[in-house]
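Pasted below: start13.csv, CSV, C-alpha atoms.
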chain,number,residue,atom,x,y,z
A,1,MET,CA,71.0,149.0,95.1
A,2,PRO,CA,73.4,146.5,96.5
A,3,PRO,CA,74.5,143.5,94.4
A,4,LYS,CA,72.4,140.3,94.5
A,5,GLY,CA,75.0,138.2,96.1
A,6,MET,CA,78.5,138.3,97.6
A,7,VAL,CA,81.2,135.8,98.4
A,8,VAL,CA,83.5,135.6,101.4
A,9,ILE,CA,86.8,133.9,100.8
A,10,ASP,CA,88.7,132.6,103.7
A,11,LYS,CA,92.2,134.0,103.0
A,12,ASP,CA,94.0,131.5,105.1
A,13,ARG,CA,92.4,128.5,103.4
A,14,CYS,CA,92.7,129.8,99.8
A,15,LYS,CA,95.7,128.4,97.9
A,16,GLY,CA,95.3,130.6,94.8
A,17,CYS,CA,94.6,127.7,92.4
A,18,GLY,CA,92.3,129.9,90.3
A,19,VAL,CA,89.6,127.2,89.9
A,20,CYS,CA,86.9,129.7,91.2
A,21,VAL,CA,88.2,132.4,88.8
A,22,ALA,CA,87.8,130.0,85.8
A,23,THR,CA,84.4,128.8,87.1
A,24,CYS,CA,82.6,132.1,87.7
A,25,PRO,CA,80.3,132.8,84.8
A,26,PHE,CA,80.2,136.6,85.4
A,27,GLY,CA,83.9,137.4,85.9
A,28,VAL,CA,83.5,138.4,89.5
A,29,LEU,CA,86.6,136.8,90.9
A,30,ALA,CA,90.3,137.3,90.2
A,31,LEU,CA,93.5,136.4,91.9
A,32,SER,CA,94.7,139.4,93.9
A,33,PRO,CA,98.3,140.5,94.1
A,34,GLU,CA,98.0,140.1,97.9
A,35,PHE,CA,99.6,137.1,99.6
A,36,ASN,CA,98.3,135.2,102.5
A,37,ARG,CA,100.6,133.9,105.3
A,38,TYR,CA,101.3,130.7,103.4
A,39,GLY,CA,102.5,132.7,100.4
A,40,TYR,CA,99.6,132.1,98.0
A,41,ASN,CA,98.0,134.8,95.8
A,42,VAL,CA,94.5,134.6,97.2
A,43,ALA,CA,91.3,135.0,95.1
A,44,ALA,CA,89.2,138.1,95.7
A,45,MET,CA,86.1,139.8,94.3
A,46,ALA,CA,87.4,142.1,91.5
A,47,ALA,CA,83.9,143.0,90.3
A,48,PRO,CA,81.6,142.6,93.4
A,49,GLU,CA,78.7,144.4,91.7
A,50,LYS,CA,78.3,141.5,89.1
A,51,CYS,CA,77.9,138.7,91.7
A,52,THR,CA,74.5,136.9,91.6
A,53,GLY,CA,75.2,134.5,94.5
A,54,CYS,CA,74.9,131.4,92.2
A,55,THR,CA,77.3,129.4,94.4
A,56,MET,CA,79.2,127.9,91.5
A,57,CYS,CA,82.6,129.1,92.8
A,58,ALA,CA,81.9,127.6,96.2
A,59,GLN,CA,80.9,124.3,94.7
A,60,MET,CA,84.2,124.1,92.8
A,61,CYS,CA,86.5,125.4,95.5
A,62,PRO,CA,88.9,122.5,96.4
A,63,ASP,CA,89.6,124.0,99.8
A,64,ALA,CA,86.1,124.8,101.0
A,65,ALA,CA,87.3,128.4,101.5
A,66,ILE,CA,84.3,130.2,99.9
A,67,GLU,CA,81.0,131.1,101.6
A,68,VAL,CA,78.2,132.6,99.5
A,69,TYR,CA,75.6,135.1,100.7
A,70,LEU,CA,72.4,136.4,99.0
A,71,TYR,CA,70.8,139.8,99.5
A,72,ARG,CA,67.5,139.2,101.2
A,73,PRO,CA,66.5,142.4,103.1
A,74,ALA,CA,62.9,141.3,103.6
A,75,LYS,CA,64.0,138.4,105.9
A,76,GLU,CA,66.1,140.9,107.8
A,77,ALA,CA,63.2,143.2,108.6
A,78,VAL,CA,61.1,140.5,110.3
B,1,MET,CA,92.9,129.1,113.1
B,2,SER,CA,91.4,130.8,110.0
B,3,VAL,CA,90.0,134.3,110.4
B,4,VAL,CA,87.3,135.5,107.9
B,5,GLU,CA,88.3,139.1,107.5
B,6,THR,CA,85.5,140.4,105.2
B,7,LYS,CA,82.4,141.7,107.1
B,8,VAL,CA,79.1,140.6,105.7
B,9,PRO,CA,76.8,143.7,105.5
B,10,ALA,CA,73.2,143.6,106.8
B,11,GLY,CA,70.6,142.1,104.6
B,12,PHE,CA,72.8,139.2,103.3
B,13,VAL,CA,71.8,135.7,104.3
B,14,PRO,CA,74.2,132.7,103.8
B,15,VAL,CA,73.3,130.3,101.0
B,16,TYR,CA,76.4,128.2,100.9
B,17,THR,CA,78.6,127.7,103.9
B,18,ARG,CA,81.4,125.3,105.0
B,19,PRO,CA,79.9,121.9,105.9
B,20,LYS,CA,79.5,121.3,109.7
B,21,ALA,CA,81.2,117.8,109.4
B,22,LEU,CA,84.5,119.5,108.4
B,23,SER,CA,86.9,120.6,111.1
B,24,ASP,CA,88.7,123.9,111.1
B,25,LYS,CA,91.9,122.3,109.9
B,26,ARG,CA,93.2,123.5,106.6
B,27,PHE,CA,93.3,120.9,103.8
B,28,THR,CA,96.8,119.5,103.2
B,29,TYR,CA,96.1,118.9,99.5
B,30,CYS,CA,98.0,120.7,96.7
B,31,PRO,CA,96.4,123.8,95.2
B,32,GLY,CA,93.6,122.9,92.9
B,33,CYS,CA,93.5,119.2,93.9
B,34,ASP,CA,90.2,117.5,93.2
B,35,HIS,CA,90.5,115.6,96.5
B,36,GLY,CA,89.4,118.8,98.3
B,37,ILE,CA,86.1,118.9,96.3
B,38,ILE,CA,85.4,115.2,97.0
B,39,THR,CA,86.3,115.5,100.7
B,40,ARG,CA,83.8,118.4,100.9
B,41,LEU,CA,81.1,116.4,99.1
B,42,VAL,CA,81.4,113.6,101.6
B,43,ALA,CA,81.1,116.1,104.5
B,44,GLU,CA,78.0,117.6,102.8
B,45,ALA,CA,76.5,114.1,102.5
B,46,ILE,CA,77.1,113.4,106.3
B,47,ASP,CA,75.5,116.8,107.1
B,48,GLU,CA,72.5,116.2,104.9
B,49,LEU,CA,71.8,112.8,106.4
B,50,GLY,CA,72.5,113.9,109.9
B,51,ILE,CA,74.7,111.0,110.7
B,52,GLN,CA,77.8,112.8,112.0
B,53,GLU,CA,77.5,111.3,115.5
B,54,ARG,CA,77.5,107.7,114.3
B,55,THR,CA,79.8,107.9,111.3
B,56,VAL,CA,83.2,106.2,111.3
B,57,GLY,CA,85.6,106.9,108.4
B,58,VAL,CA,88.5,104.8,107.4
B,59,ALA,CA,91.5,106.9,106.2
B,60,PRO,CA,93.8,105.5,103.5
B,61,VAL,CA,97.5,105.8,102.8
B,62,GLY,CA,98.0,108.4,100.1
B,63,CYS,CA,97.2,112.1,99.6
B,64,ALA,CA,94.1,111.8,101.9
B,65,VAL,CA,96.2,110.3,104.8
B,66,PHE,CA,95.3,113.2,107.1
B,67,LEU,CA,91.6,112.8,106.4
B,68,TYR,CA,91.0,112.1,110.1
B,69,GLU,CA,92.0,115.7,110.9
B,70,PHE,CA,89.6,117.2,108.4
B,71,PHE,CA,86.4,115.6,109.7
B,72,ARG,CA,84.5,116.0,112.9
B,73,CYS,CA,83.7,112.3,113.2
B,74,ASP,CA,85.5,109.2,114.3
B,75,PHE,CA,88.2,107.8,112.2
B,76,ALA,CA,90.5,104.7,111.9
B,77,GLN,CA,93.7,104.8,109.9
B,78,ALA,CA,94.2,101.6,107.9
B,79,ALA,CA,97.4,100.0,106.6
B,80,HIS,CA,98.0,100.7,103.0
B,81,GLY,CA,95.2,99.3,100.9
B,82,ARG,CA,93.4,97.6,103.8
B,83,ALA,CA,90.7,100.2,104.4
B,84,CYS,CA,87.9,97.9,103.2
B,85,ALA,CA,89.0,95.1,105.5
B,86,VAL,CA,89.2,97.5,108.5
B,87,ALA,CA,85.7,98.9,107.6
B,88,THR,CA,84.4,95.4,107.4
B,89,GLY,CA,85.5,94.8,111.0
B,90,ILE,CA,84.1,98.1,112.3
B,91,LYS,CA,80.7,97.5,110.6
B,92,ARG,CA,80.4,93.9,111.7
B,93,ALA,CA,81.3,94.7,115.3
B,94,ASN,CA,78.9,97.8,115.4
B,95,PRO,CA,76.2,97.4,112.7
B,96,GLU,CA,74.5,100.6,113.8
B,97,LEU,CA,77.6,102.7,112.8
B,98,ILE,CA,77.8,104.2,109.4
B,99,VAL,CA,81.2,103.2,108.0
B,100,PHE,CA,82.9,104.7,104.9
B,101,THR,CA,86.3,104.4,103.4
B,102,TYR,CA,88.0,107.1,101.3
B,103,GLN,CA,90.7,105.7,99.1
B,104,GLY,CA,92.9,106.7,96.2
B,105,ASP,CA,93.8,104.5,93.2
B,106,GLY,CA,97.2,103.6,94.6
B,107,ASP,CA,95.5,102.4,97.7
B,108,LEU,CA,92.3,100.7,96.5
B,109,ALA,CA,93.3,99.6,93.0
B,110,ALA,CA,96.9,98.5,93.6
B,111,ILE,CA,98.0,97.2,97.0
B,112,GLY,CA,94.4,96.9,98.2
B,113,THR,CA,92.8,95.1,95.2
B,114,ALA,CA,92.2,91.9,97.1
B,115,GLU,CA,90.6,93.5,100.1
B,116,THR,CA,88.4,95.6,97.9
B,117,VAL,CA,87.3,92.8,95.6
B,118,HIS,CA,86.5,90.5,98.5
B,119,ALA,CA,84.6,93.2,100.5
B,120,ALA,CA,82.6,93.8,97.4
B,121,ASN,CA,82.0,90.2,96.7
B,122,ARG,CA,80.8,89.6,100.3
B,123,GLY,CA,78.5,92.6,99.9
B,124,GLU,CA,79.6,94.2,103.1
B,125,ASN,CA,77.3,97.0,104.0
B,126,ILE,CA,79.9,99.8,103.7
B,127,THR,CA,80.4,102.9,101.5
B,128,VAL,CA,83.6,103.3,99.5
B,129,ILE,CA,84.7,106.6,98.0
B,130,PHE,CA,87.3,105.8,95.4
B,131,VAL,CA,89.3,108.8,94.1
B,132,ASN,CA,90.9,107.8,90.8
B,133,ASN,CA,93.6,110.3,89.8
B,134,GLN,CA,95.6,107.9,87.7
B,135,ILE,CA,98.8,108.4,89.7
B,136,TYR,CA,100.6,107.9,93.0
B,137,GLY,CA,100.3,111.6,94.1
B,138,MET,CA,101.8,111.7,97.6
B,139,THR,CA,104.9,109.8,96.9
B,140,GLY,CA,105.9,111.9,93.9
B,141,GLY,CA,103.9,110.9,90.8
B,142,GLN,CA,104.8,107.3,90.1
B,143,MET,CA,102.8,105.1,87.8
B,144,ALA,CA,99.7,103.5,89.2
B,145,PRO,CA,97.7,100.6,87.7
B,146,THR,CA,95.1,103.2,86.6
B,147,THR,CA,97.7,105.4,84.8
B,148,LEU,CA,96.6,106.1,81.2
B,149,PRO,CA,98.6,104.6,78.2
B,150,GLY,CA,101.3,107.0,77.2
B,151,MET,CA,101.0,109.1,80.3
B,152,ARG,CA,104.3,110.4,81.6
B,153,THR,CA,105.0,109.8,85.3
B,154,THR,CA,108.3,109.7,87.2
B,155,THR,CA,108.6,105.9,86.7
B,156,THR,CA,107.4,106.0,83.1
B,157,PRO,CA,109.3,109.1,81.8
B,158,GLU,CA,108.7,108.0,78.1
B,159,GLY,CA,105.0,107.4,78.8
B,160,ARG,CA,103.3,104.2,80.0
B,161,ASP,CA,104.2,101.4,77.7
B,162,LEU,CA,101.3,98.9,77.4
B,163,ARG,CA,103.7,96.0,76.4
B,164,SER,CA,105.5,96.0,79.7
B,165,THR,CA,103.0,97.5,82.2
B,166,GLY,CA,99.6,96.4,80.9
B,167,TYR,CA,96.4,98.4,80.6
B,168,PRO,CA,94.6,100.9,83.0
B,169,LEU,CA,92.8,98.8,85.6
B,170,LYS,CA,89.1,99.4,85.5
B,171,ILE,CA,88.1,98.6,89.1
B,172,SER,CA,84.5,99.7,88.8
B,173,GLU,CA,83.8,97.5,85.7
B,174,MET,CA,85.5,94.6,87.5
B,175,LEU,CA,83.3,95.0,90.6
B,176,ALA,CA,80.1,95.6,88.6
B,177,GLN,CA,80.5,92.0,87.3
B,178,LEU,CA,80.1,90.6,90.9
B,179,ASP,CA,76.8,89.7,92.5
B,180,GLY,CA,77.7,91.2,95.9
B,181,PRO,CA,77.8,95.0,95.3
B,182,ALA,CA,74.6,97.0,95.5
B,183,TYR,CA,75.8,100.2,93.8
B,184,ILE,CA,78.8,100.9,91.6
B,185,THR,CA,79.1,104.2,89.8
B,186,ARG,CA,81.7,106.4,88.2
B,187,GLN,CA,81.5,110.2,88.5
B,188,ALA,CA,83.8,113.2,88.0
B,189,VAL,CA,84.1,116.6,89.5
B,190,PHE,CA,85.5,118.8,86.7
B,191,ASP,CA,82.6,121.2,86.5
B,192,VAL,CA,79.6,122.3,88.5
B,193,ARG,CA,77.1,119.9,86.9
B,194,HIS,CA,79.4,116.9,87.5
B,195,VAL,CA,80.1,118.0,91.1
B,196,GLN,CA,76.3,118.0,91.7
B,197,MET,CA,76.0,114.5,90.1
B,198,ALA,CA,78.9,113.2,92.2
B,199,ARG,CA,77.2,114.7,95.3
B,200,LYS,CA,74.0,112.8,94.5
B,201,ALA,CA,75.9,109.6,93.9
B,202,ILE,CA,77.7,109.9,97.3
B,203,LEU,CA,74.4,110.6,99.0
B,204,ARG,CA,72.9,107.5,97.4
B,205,ALA,CA,75.9,105.4,98.5
B,206,PHE,CA,75.4,106.5,102.1
B,207,ARG,CA,71.6,106.0,101.9
B,208,ASN,CA,72.2,102.5,100.6
B,209,GLN,CA,74.1,101.8,103.8
B,210,LEU,CA,71.4,103.3,106.0
B,211,GLU,CA,68.9,101.1,104.3
B,212,GLY,CA,71.1,98.0,104.6
B,213,LYS,CA,71.4,97.4,100.9
B,214,GLY,CA,75.1,96.5,100.9
B,215,PHE,CA,78.4,97.5,99.3
B,216,SER,CA,78.3,100.8,97.5
B,217,LEU,CA,81.3,102.2,95.6
B,218,VAL,CA,81.5,105.7,94.1
B,219,GLU,CA,84.6,106.1,91.8
B,220,ILE,CA,85.4,109.7,91.1
B,221,VAL,CA,87.8,110.5,88.1
B,222,ALA,CA,90.0,113.3,89.3
B,223,SER,CA,93.1,115.0,88.1
B,224,CYS,CA,96.5,115.6,89.9
B,225,PRO,CA,97.7,119.0,88.5
B,226,THR,CA,100.9,118.9,90.6
B,227,ASN,CA,102.2,115.6,89.1
B,228,LEU,CA,100.8,116.2,85.7
B,229,ARG,CA,102.7,119.5,85.8
B,230,ILE,CA,99.8,121.6,84.5
B,231,PRO,CA,98.0,124.6,86.0
B,232,PRO,CA,95.1,123.6,88.3
B,233,ALA,CA,92.4,125.1,86.1
B,234,GLU,CA,93.7,122.9,83.2
B,235,GLY,CA,93.0,119.7,85.2
B,236,VAL,CA,89.5,120.1,83.9
B,237,ARG,CA,90.7,119.7,80.3
B,238,TRP,CA,92.9,116.7,81.2
B,239,VAL,CA,90.0,114.8,82.7
B,240,LYS,CA,87.6,115.6,79.9
B,241,GLU,CA,90.0,114.9,77.0
B,242,GLN,CA,92.2,112.1,78.4
B,243,ALA,CA,90.8,110.4,81.4
B,244,LEU,CA,87.2,110.0,80.3
B,245,LYS,CA,88.3,108.0,77.2
B,246,TYR,CA,89.4,105.1,79.5
B,247,PHE,CA,87.0,105.8,82.4
B,248,PRO,CA,83.5,106.6,81.0
B,249,LEU,CA,81.1,108.1,83.5
B,250,GLY,CA,77.8,106.6,84.6
B,251,ASP,CA,76.1,104.0,86.9
B,252,LEU,CA,77.7,100.6,86.3
B,253,LYS,CA,75.5,98.6,88.7
B,254,VAL,CA,72.4,99.6,90.5
B,255,ARG,CA,70.5,96.9,92.6
B,256,GLU,CA,67.1,98.1,93.7
Here is the file; what I need is its structure written in the form of C-alpha cells.
Amino acid sequence: MPPKGMVVIDKDRCKGCGVCVATCPFGVLALSPEFNRYGYNVAAMAAPEKCTGCTMCAQMCPDAAIEVYLYRPAKEAV
Amino acid sequence: MSVVETKVPAGFVPVYTRPKALSDKRFTYCPGCDHGIITRLVAEAIDELGIQERTVGVAPVGCAVFLYEFFRCDFAQAAHGRACAVATGIKRANPELIVFTYQGDGDLAAIGTAETVHAANRGENITVIFVNNQIYGMTGGQMAPTTLPGMRTTTTPEGRDLRSTGYPLKISEMLAQLDGPAYITRQAVFDVRHVQMARKAILRAFRNQLEGKGFSLVEIVASCPTNLRIPPAEGVRWVKEQALKYFPLGDLKVRE
C-alpha cells in the first residue's frame, strides 16, 4: 500500500529555511545533510510513508519549491 | 534552470503545483522570507482569475525589485515609492488592463506616502499589495516608519526611541479614513490558515478591480528573519507576539 501523498521538492529552488519542516503536522520532512549547488541544506522527505498530501508545506514554502501529489490510482486506470 | 530530480510514481496526481504565472526564475529573496509566499499568492490569484495576458505589474524598489523577472506578465519598474503613480498612468491609458503594484513598507509607507495616499483618495481602480515587514530589508536593515517601538535595527541599535522617531505608521488605518478606497485590509502569512485568508483577500482585491470598484489595498504583515537575526521558522513567533500588537489583522474598510 503506497502512502496517501508525496511531495516533490525542487532542490535548486529550496533554500533550506526549514519553514516546511516546522509546518508539516506529521513530521514527514526534514533538512537533509545534502547540499544543493547554491550551498543550502535542502529539505527532503524523511518519513515518506506518513505523508497525507495535505499541501500545508507547499502553501508555506517561501520559494514555491514544493509540489504535492495524491495517490489516486482509479483515475490512472481510466 | 531547475531540474526536478525525484520521479513521481504511477498513480499519483498533482494537487498543488507551481503557479503558471510565475516564471522559472529562482526567487532572489533570503531563505524563509515572507515575500516569497506573498509573491506566490499574487501569482495564484492571477492564475485563478485567468488574467495573465492583460495584467501589468508595477515593481517597487526594495527586496521585491526583481519582481519583473519572477512573473510571466508585463511589468513596469517605478522609481522609489512611485508605484501607485505609475500604476495610475497605466490604468488610465489602458483601462482594460489589470494593474497591480507590489510594494514594501520602505517604498509605500516612507518615500511613497504621498503617491499612495493620493491614489487612494482619487479611488484609482488599481490593486496594491503592501508587504509590511517593519524594516528596510534590501539596504541592510535600517529603521522604517513602520518599525516597532524598541525594535533594534542598524540605525536604531538601542531600539526605536519613540521620543525622537515617532510611532509606527499605520498606513491601512490612515487610508481607511478616506472616502476613495473600496477595500482596505490587513492580513498575515505566518501559518496556513492566515495564508489562505491572505489569498482570499488578494483575490478579492483583484476582483474589485475587474468589477471597477476602485482602489484596493491588501497589507500583509511579514517578518524579515535576516535583519531580525532570527532563524526563519521563528519569524512566525515574531509576527504573532510583536508585530500584531501594533498591526491588528482584519478588514478595515469594505465598500460594497
Contacts of range 50-67 of chain A at 8 Å (all atoms listed in the file; same-chain gap of 3+ positions) as a PyMOL selection string: (chain A and resi 3-11+13-15+19-21+23-24+26-28+47+70) or (chain B and resi 14-18+26-27+31-37+40+191-192+195)
Take the selection from the previous step and output its residues with C-alpha atoms, as a PDB file, in the coordinates of the input.
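This went into selection.pdb:
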ATOM      1  CA  PRO A   3      74.500 143.500  94.400  1.00  0.00           C
ATOM      2  CA  LYS A   4      72.400 140.300  94.500  1.00  0.00           C
ATOM      3  CA  GLY A   5      75.000 138.200  96.100  1.00  0.00           C
ATOM      4  CA  MET A   6      78.500 138.300  97.600  1.00  0.00           C
ATOM      5  CA  VAL A   7      81.200 135.800  98.400  1.00  0.00           C
ATOM      6  CA  VAL A   8      83.500 135.600 101.400  1.00  0.00           C
ATOM      7  CA  ILE A   9      86.800 133.900 100.800  1.00  0.00           C
ATOM      8  CA  ASP A  10      88.700 132.600 103.700  1.00  0.00           C
ATOM      9  CA  LYS A  11      92.200 134.000 103.000  1.00  0.00           C
ATOM     10  CA  ARG A  13      92.400 128.500 103.400  1.00  0.00           C
ATOM     11  CA  CYS A  14      92.700 129.800  99.800  1.00  0.00           C
ATOM     12  CA  LYS A  15      95.700 128.400  97.900  1.00  0.00           C
ATOM     13  CA  VAL A  19      89.600 127.200  89.900  1.00  0.00           C
ATOM     14  CA  CYS A  20      86.900 129.700  91.200  1.00  0.00           C
ATOM     15  CA  VAL A  21      88.200 132.400  88.800  1.00  0.00           C
ATOM     16  CA  THR A  23      84.400 128.800  87.100  1.00  0.00           C
ATOM     17  CA  CYS A  24      82.600 132.100  87.700  1.00  0.00           C
ATOM     18  CA  PHE A  26      80.200 136.600  85.400  1.00  0.00           C
ATOM     19  CA  GLY A  27      83.900 137.400  85.900  1.00  0.00           C
ATOM     20  CA  VAL A  28      83.500 138.400  89.500  1.00  0.00           C
ATOM     21  CA  ALA A  47      83.900 143.000  90.300  1.00  0.00           C
ATOM     22  CA  LEU A  70      72.400 136.400  99.000  1.00  0.00           C
TER      23      LEU A  70
ATOM     24  CA  PRO B  14      74.200 132.700 103.800  1.00  0.00           C
ATOM     25  CA  VAL B  15      73.300 130.300 101.000  1.00  0.00           C
ATOM     26  CA  TYR B  16      76.400 128.200 100.900  1.00  0.00           C
ATOM     27  CA  THR B  17      78.600 127.700 103.900  1.00  0.00           C
ATOM     28  CA  ARG B  18      81.400 125.300 105.000  1.00  0.00           C
ATOM     29  CA  ARG B  26      93.200 123.500 106.600  1.00  0.00           C
ATOM     30  CA  PHE B  27      93.300 120.900 103.800  1.00  0.00           C
ATOM     31  CA  PRO B  31      96.400 123.800  95.200  1.00  0.00           C
ATOM     32  CA  GLY B  32      93.600 122.900  92.900  1.00  0.00           C
ATOM     33  CA  CYS B  33      93.500 119.200  93.900  1.00  0.00           C
ATOM     34  CA  ASP B  34      90.200 117.500  93.200  1.00  0.00           C
ATOM     35  CA  HIS B  35      90.500 115.600  96.500  1.00  0.00           C
ATOM     36  CA  GLY B  36      89.400 118.800  98.300  1.00  0.00           C
ATOM     37  CA  ILE B  37      86.100 118.900  96.300  1.00  0.00           C
ATOM     38  CA  ARG B  40      83.800 118.400 100.900  1.00  0.00           C
ATOM     39  CA  ASP B 191      82.600 121.200  86.500  1.00  0.00           C
ATOM     40  CA  VAL B 192      79.600 122.300  88.500  1.00  0.00           C
ATOM     41  CA  VAL B 195      80.100 118.000  91.100  1.00  0.00           C
TER      42      VAL B 195
END
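Here CA of Thr155 in chain B and CA of Asn227 in chain B stand 11.9 Å from one another.
Nearest-residue note for chain B: choosing from A:Pro25, A:Pro73, A:Pro48, A:Pro33, the minimum distance belongs to A:Pro73, counting all atoms listed in the file.
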For chain A, the nearest of the candidates B:Pro181, B:Pro248, B:Gly212, B:Pro231, counting all atoms listed in the file: B:Pro231
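CA of Arg122 in chain B to CA of Ser216 in chain B spans 11.8 Å [interatomic distance, one decimal].
Comparing the minimum interatomic distances between chain B and each of A:Glu49, A:Val68, A:Pro2, A:Tyr38, counting only C-alpha atoms, we find that A:Val68 sits nearest.
Neighbourhood of point (79.2, 107.5, 92.7): residues with an atom at most 6 Å away, counting only C-alpha atoms, are Thr185, Arg186, Gln187, Ala198, Ala201, Ile202, Val218 and Glu219 of chain B.
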Considering all atoms listed in the file, return as a short mmCIF file (atom, residue, chain, number, x, y, z; two decimals) with C-alpha atoms, keeping the file's coordinate frame whatever protein or nucleic-acid residues lie within 6 Å of range 136-150 of chain B, sequence-local ones (same chain, fewer than 6 positions apart) excluded.
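Saved the output as around34.cif:
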data_model
loop_
_atom_site.label_atom_id
_atom_site.label_comp_id
_atom_site.auth_asym_id
_atom_site.auth_seq_id
_atom_site.Cartn_x
_atom_site.Cartn_y
_atom_site.Cartn_z
CA GLY B 62 98.00 108.40 100.10
CA CYS B 63 97.20 112.10 99.60
CA GLY B 106 97.20 103.60 94.60
CA GLY B 159 105.00 107.40 78.80
CA ARG B 160 103.30 104.20 80.00
CA PRO B 168 94.60 100.90 83.00
CA LEU B 169 92.80 98.80 85.60
CA ASN B 227 102.20 115.60 89.10
#
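Take CA of Ile230 in chain B and CA of Ala64 in chain B: the distance between them is 20.8 Å.
Look at Asn41 in chain A: the protein and nucleic acid residues within 9 Å of it, using all atoms listed in the file and passing over chain neighbours fewer than 2 places away, are A:Cys14, A:Lys15, A:Gly16, A:Cys17, A:Leu31, A:Ser32, A:Pro33, A:Glu34, A:Phe35, A:Asn36, A:Gly39, A:Ala43.
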